[in-house]
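Here's the structure, in structure tokens; my notes come after.
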Amino acid sequence: MNTYAQELRATAKAMIAPGKGILAMDESNHTCHKRFEKLGIDKTVEQRQAYRELLLTTPGLNEYISGAILYDETIRQFTRKEVPFTKVMADSGILIGIKVDTGAKDLAGHHGEKVTEGLDSLRDRIAEYYGMGARFAKWRAVITIGEDIPSWACIEGNAHALARYAALCQEGGLVPIVEPEVLIDGNHSLERCYTVTEETLRTVFDQLFCQKVAFDQMILKPSMVISGLACPIQANVEQVADATVRCLLDNVPASVAGIAFLSGGQSNERASEHLNAMNVKYKSQCPWSITFSYARAIQQPALEHWRGNDANVAAAQQLLLHRAKCNSAASLGQYSAEMEKTPVLV
Ligand code: 13P
């Protein structure tokens, strides 16, 4: 048995503690710059540091957030007062997570499809991150829906890499977040998204089983079963909740420690509504707890308000806290539109 098994189970349990979710703030520099550029924020290491400091020093964040996923640059950074970010997190009881994939790259021979890379020297990188205090990791695979895609090559290649990554994480003491994202882009229907998500999840769990990954020591981070952004018929909140939970119940082993959704380009409110609807209707039927691990749908209002200006930090932190609180409520099935009307201190 893995020497870390007990620790991994305890970490996974803490990650999905009732009313808590995970803050994904692990954008690569490239992705971070794309978001900064839209808002006219300087694309510099100083601004990346300032923004991540804003997020991590938000007062009261630990009430709703169990852990935060960092990027390699961020796990090595300090606050302006020279406190390591890892210490800020440890002091507030927020678990340290780390993105360990090195990005989704074009899949050779398969136009329009991606495969996620990062297995080279992963064992050594995991050991380093564990030594820095990280206790969980993330790897994101991307599945695109299009005319004749996804191909089997894309699903199987990504699932294999996810499983190899997850096994290495567990060997090294990090709880793997296994993230197979079926993209929301495109004009596909909810039904098509269901079929692709199902095939993806089945293949991922086949591969995880094959690589001897312990399901009770991992977190699944799936996308929701949802209509493509450009689909003329948009499924409503209840339809998304029904299809998503049915797909998970049919394809995810009951022993998986927990489920934490990505937001995938949904609006802030929609991401909360969907999570809430799943918990209101299905909490008692699901063997796992269902929470959030959002990036855009939790950070966006804070980033838009901050815009790189020190004077906006406190108000931006209130906006982050507000979304964290809304999503925490949604993970308990206690979110309502009323919550959005509560005046936020800005
Ligand atoms: P979004 O919530 O913006 O989809 O991001 C989640 C994430 O971690 C992407 O890998």
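Identifiers in this document derive from the order of the structure tokens: chains are assigned A, B, ..., residues are numbered from 1 separately in each chain, and ligands are numbered from 1 in order of occurrence.
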- Task: Could the residues that lie within 6 Å of ligand 1, counting only C-alpha atoms and all ligand atoms, be listed as a PyMOL selection string?
- Result: chain A and resi 24+140+262-265+294-297
Excluding same-chain residues fewer than 4 positions from His111 of chain A, what lies within 12 Å of it counting only C-alpha atoms, as a PDB file with C-alpha atoms, in the first residue's frame?
```
ATOM      1  CA  LYS A 105      -0.548  21.106 -27.115  1.00  0.00           C
ATOM      2  CA  ASP A 106      -1.673  20.225 -30.646  1.00  0.00           C
ATOM      3  CA  LEU A 107      -2.203  16.481 -30.992  1.00  0.00           C
ATOM      4  CA  VAL A 115      -3.174  16.560 -25.765  1.00  0.00           C
ATOM      5  CA  THR A 144     -13.024  19.610 -28.046  1.00  0.00           C
ATOM      6  CA  GLY A 146     -16.627  19.453 -33.338  1.00  0.00           C
ATOM      7  CA  GLU A 147     -17.819  17.891 -36.551  1.00  0.00           C
ATOM      8  CA  ASP A 148     -15.847  14.643 -36.404  1.00  0.00           C
ATOM      9  CA  ILE A 149     -14.207  15.143 -33.063  1.00  0.00           C
ATOM     10  CA  PRO A 150     -13.292  14.183 -30.425  1.00  0.00           C
ATOM     11  CA  SER A 151     -11.345  11.284 -31.875  1.00  0.00           C
ATOM     12  CA  ALA A 153      -6.939   9.086 -30.135  1.00  0.00           C
ATOM     13  CA  CYS A 154      -7.613  12.349 -28.304  1.00  0.00           C
TER      14      CYS A 154
END
```
I'd like a table as a Markdown table: residues in segment 5-63 of chain A with an atom no more than 7 Å from segment 326-342 of chain A, each row giving the shortest atom pair and its distance in Å to one decimal, only C-alpha atoms counted, sorted by chain and rising residue number.
```
| residue | atom | partner | partner_atom | distance |
| --- | --- | --- | --- | --- |
| A:Gly19 | CA | A:Ser328 | CA | 4.9 |
| A:Lys20 | CA | A:Ser328 | CA | 5.5 |
| A:Gly21 | CA | A:Ser328 | CA | 6.6 |
```
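Between atom CA of Phe36 of chain A and atom CA of Val313 of chain A lies a distance of 15.4 Å.
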- Task: Could you find all residues in segment 111-323 of chain A that DSSP calls strand (DSSP E or B) from the backbone, and write them as a ChimeraX atom specification?
- Result: /A:114-116,136-143,175-182,219-220,258-261,290-292
- Message: Need to verify the contact set: Gly97 of chain A, 12 Å, only C-alpha atoms, exclusion of same-chain residues closer than 3 positions in sequence. Can you return it as a PyMOL selection string?
- Response: chain A and resi 11-12+15+22-26+66-72+74-75+85-86+89-90+94+100+126+129-130+132-139+169+173-177+293
- Message: I'd like the contact shell of segment 222-232 of chain A - 6 Å cut-off, only C-alpha atoms, skipping same-chain residues fewer than 2 positions apart - returned as a list in words.
- Response: Glu179, Pro180, Glu181, Ile184, Asp185, Gly186, Asn187, His188, Ser189, Leu190, Cys193, Tyr194, Gln234, Ala235, Val240, Thr244, Phe261 and Leu262 of chain A
If you keep N, CA, C and O atoms, can you produce a file of those selected residues as a short mmCIF file (atom, residue, chain, number, x, y, z; two decimals), in the first residue's frame?
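Wrote it out as again_37.cif, contents follow:
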```cif
data_model
loop_
_atom_site.label_atom_id
_atom_site.label_comp_id
_atom_site.auth_asym_id
_atom_site.auth_seq_id
_atom_site.Cartn_x
_atom_site.Cartn_y
_atom_site.Cartn_z
N GLU A 179 -8.69 16.31 -14.13
CA GLU A 179 -9.57 17.28 -14.79
C GLU A 179 -9.69 17.02 -16.29
O GLU A 179 -8.89 17.52 -17.08
N PRO A 180 -10.68 16.24 -16.69
CA PRO A 180 -10.93 16.08 -18.12
C PRO A 180 -12.01 17.08 -18.53
O PRO A 180 -13.19 16.88 -18.25
N GLU A 181 -11.61 18.16 -19.18
CA GLU A 181 -12.58 19.22 -19.53
C GLU A 181 -13.11 19.03 -20.94
O GLU A 181 -12.36 19.11 -21.91
N ILE A 184 -16.88 23.89 -23.65
CA ILE A 184 -18.22 24.44 -23.86
C ILE A 184 -18.34 25.10 -25.25
O ILE A 184 -19.43 25.36 -25.73
N ASP A 185 -17.19 25.37 -25.90
CA ASP A 185 -17.19 26.06 -27.19
C ASP A 185 -17.83 25.18 -28.27
O ASP A 185 -17.57 23.98 -28.31
N GLY A 186 -18.61 25.81 -29.14
CA GLY A 186 -19.20 25.07 -30.25
C GLY A 186 -20.72 25.17 -30.23
O GLY A 186 -21.30 25.74 -29.31
N ASN A 187 -21.35 24.58 -31.27
CA ASN A 187 -22.81 24.69 -31.36
C ASN A 187 -23.50 23.38 -31.02
O ASN A 187 -24.63 23.13 -31.38
N HIS A 188 -22.78 22.51 -30.30
CA HIS A 188 -23.33 21.19 -29.99
C HIS A 188 -24.47 21.28 -28.96
O HIS A 188 -24.55 22.21 -28.17
N SER A 189 -25.29 20.23 -28.99
CA SER A 189 -26.43 20.17 -28.07
C SER A 189 -26.00 19.59 -26.72
O SER A 189 -24.90 19.03 -26.59
N LEU A 190 -26.90 19.69 -25.76
CA LEU A 190 -26.67 19.07 -24.45
C LEU A 190 -26.47 17.56 -24.60
O LEU A 190 -25.61 16.97 -23.96
N CYS A 193 -23.05 16.76 -25.77
CA CYS A 193 -22.10 16.96 -24.67
C CYS A 193 -22.17 15.77 -23.70
O CYS A 193 -21.14 15.31 -23.21
N TYR A 194 -23.38 15.26 -23.50
CA TYR A 194 -23.55 14.10 -22.61
C TYR A 194 -22.76 12.91 -23.15
O TYR A 194 -21.99 12.26 -22.43
N GLN A 234 -30.58 26.45 -25.75
CA GLN A 234 -29.79 26.39 -24.51
C GLN A 234 -30.58 25.65 -23.42
O GLN A 234 -31.70 26.04 -23.09
N ALA A 235 -29.98 24.59 -22.90
CA ALA A 235 -30.64 23.84 -21.82
C ALA A 235 -30.78 24.74 -20.60
O ALA A 235 -29.92 25.59 -20.35
N VAL A 240 -29.50 20.98 -17.12
CA VAL A 240 -28.04 20.81 -16.96
C VAL A 240 -27.76 19.99 -15.69
O VAL A 240 -26.95 19.05 -15.70
N THR A 244 -26.07 16.32 -15.92
CA THR A 244 -24.73 16.22 -15.34
C THR A 244 -24.69 15.14 -14.26
O THR A 244 -23.79 14.29 -14.26
N PHE A 261 -16.31 20.84 -9.62
CA PHE A 261 -16.46 21.27 -11.01
C PHE A 261 -15.57 22.45 -11.40
O PHE A 261 -15.30 23.32 -10.57
N LEU A 262 -15.23 22.49 -12.68
CA LEU A 262 -14.66 23.70 -13.28
C LEU A 262 -15.83 24.54 -13.80
O LEU A 262 -16.95 24.04 -13.94
#
```
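For the choices A:Glu53, A:Asn158, A:Thr31, A:His110, the atom-to-atom distance to Glu82 of chain A is smallest for A:Glu53 when using only C-alpha atoms.
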- Name the residues of segment 27-260 of chain A that fall into helix (DSSP H, G or I) according to DSSP on the backbone, using the chain letters and numbers of this document, as number ranges by chain. A: 29-38, 45-56, 61-63, 72-75, 85-91, 122-131, 152-172, 190-210, 215-217, 237-251
- Message: Can you tell me which residues surround Arg323 of chain A at a distance of at most 9 Å, considering only C-alpha atoms, apart from same-chain residues fewer than 5 positions away, and format the answer as a VMD selection string?
- Response: chain A and resid 268 to 269 272 297 to 299 301 318 328 340
Selected residues, C-alpha atoms, written as a PDB file, in the first residue's frame, please.
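So the final result, stored in selection18.pdb, reads:
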```pdb
ATOM      1  CA  ASN A 268     -20.655  33.691 -12.602  1.00  0.00           C
ATOM      2  CA  GLU A 269     -24.302  33.337 -11.637  1.00  0.00           C
ATOM      3  CA  SER A 272     -23.497  28.982  -8.971  1.00  0.00           C
ATOM      4  CA  ALA A 297     -16.510  32.175 -12.349  1.00  0.00           C
ATOM      5  CA  ILE A 298     -14.991  33.042  -8.986  1.00  0.00           C
ATOM      6  CA  GLN A 299     -12.190  35.465  -9.915  1.00  0.00           C
ATOM      7  CA  PRO A 301     -15.481  40.261 -10.759  1.00  0.00           C
ATOM      8  CA  GLN A 318     -14.811  41.712  -1.224  1.00  0.00           C
ATOM      9  CA  SER A 328     -20.048  27.729  -0.927  1.00  0.00           C
ATOM     10  CA  GLU A 340     -26.651  38.247  -5.423  1.00  0.00           C
TER      11      GLU A 340
END
```
- Message: Taking 6 positions as the minimum chain separation for residues in the same chain, which residues sit within 9 Å of Leu55 of chain A when counting only C-alpha atoms? Answer as a list in words.
- Response: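 These residues fall inside the cut-off: Met25, Leu61, Gln299, Ala302, Ala316, Gln317 and Leu320 of chain A.
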Dump of N, CA and C atoms for the selected residues, as a CSV table (one decimal), in the first residue's frame:
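New file part-v9.csv:
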```
chain,number,residue,atom,x,y,z
A,25,MET,N,-6.4,29.2,-9.2
A,25,MET,CA,-5.7,30.5,-9.6
A,25,MET,C,-4.4,30.1,-10.2
A,61,LEU,N,-11.2,34.4,3.5
A,61,LEU,CA,-11.3,33.4,2.4
A,61,LEU,C,-11.4,32.0,2.8
A,299,GLN,N,-13.2,34.4,-9.9
A,299,GLN,CA,-12.2,35.5,-9.9
A,299,GLN,C,-12.6,36.7,-10.7
A,302,ALA,N,-13.5,40.2,-9.3
A,302,ALA,CA,-12.4,40.8,-8.6
A,302,ALA,C,-11.4,41.3,-9.6
A,316,ALA,N,-11.9,44.7,-4.5
A,316,ALA,CA,-11.8,43.5,-5.3
A,316,ALA,C,-11.8,42.2,-4.4
A,317,GLN,N,-11.2,42.3,-3.2
A,317,GLN,CA,-11.2,41.2,-2.3
A,317,GLN,C,-12.6,40.9,-1.8
A,320,LEU,N,-14.3,38.9,-4.6
A,320,LEU,CA,-13.9,37.5,-4.6
A,320,LEU,C,-14.6,36.8,-3.5
```
- Task: For atom CA of Ala161 of chain A and atom CA of Ala243 of chain A, quote the distance in Å rounded to one decimal.
- Result: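 Answer for the atom CA of Ala161 of chain A to atom CA of Ala243 of chain A separation: 26.7 Å.
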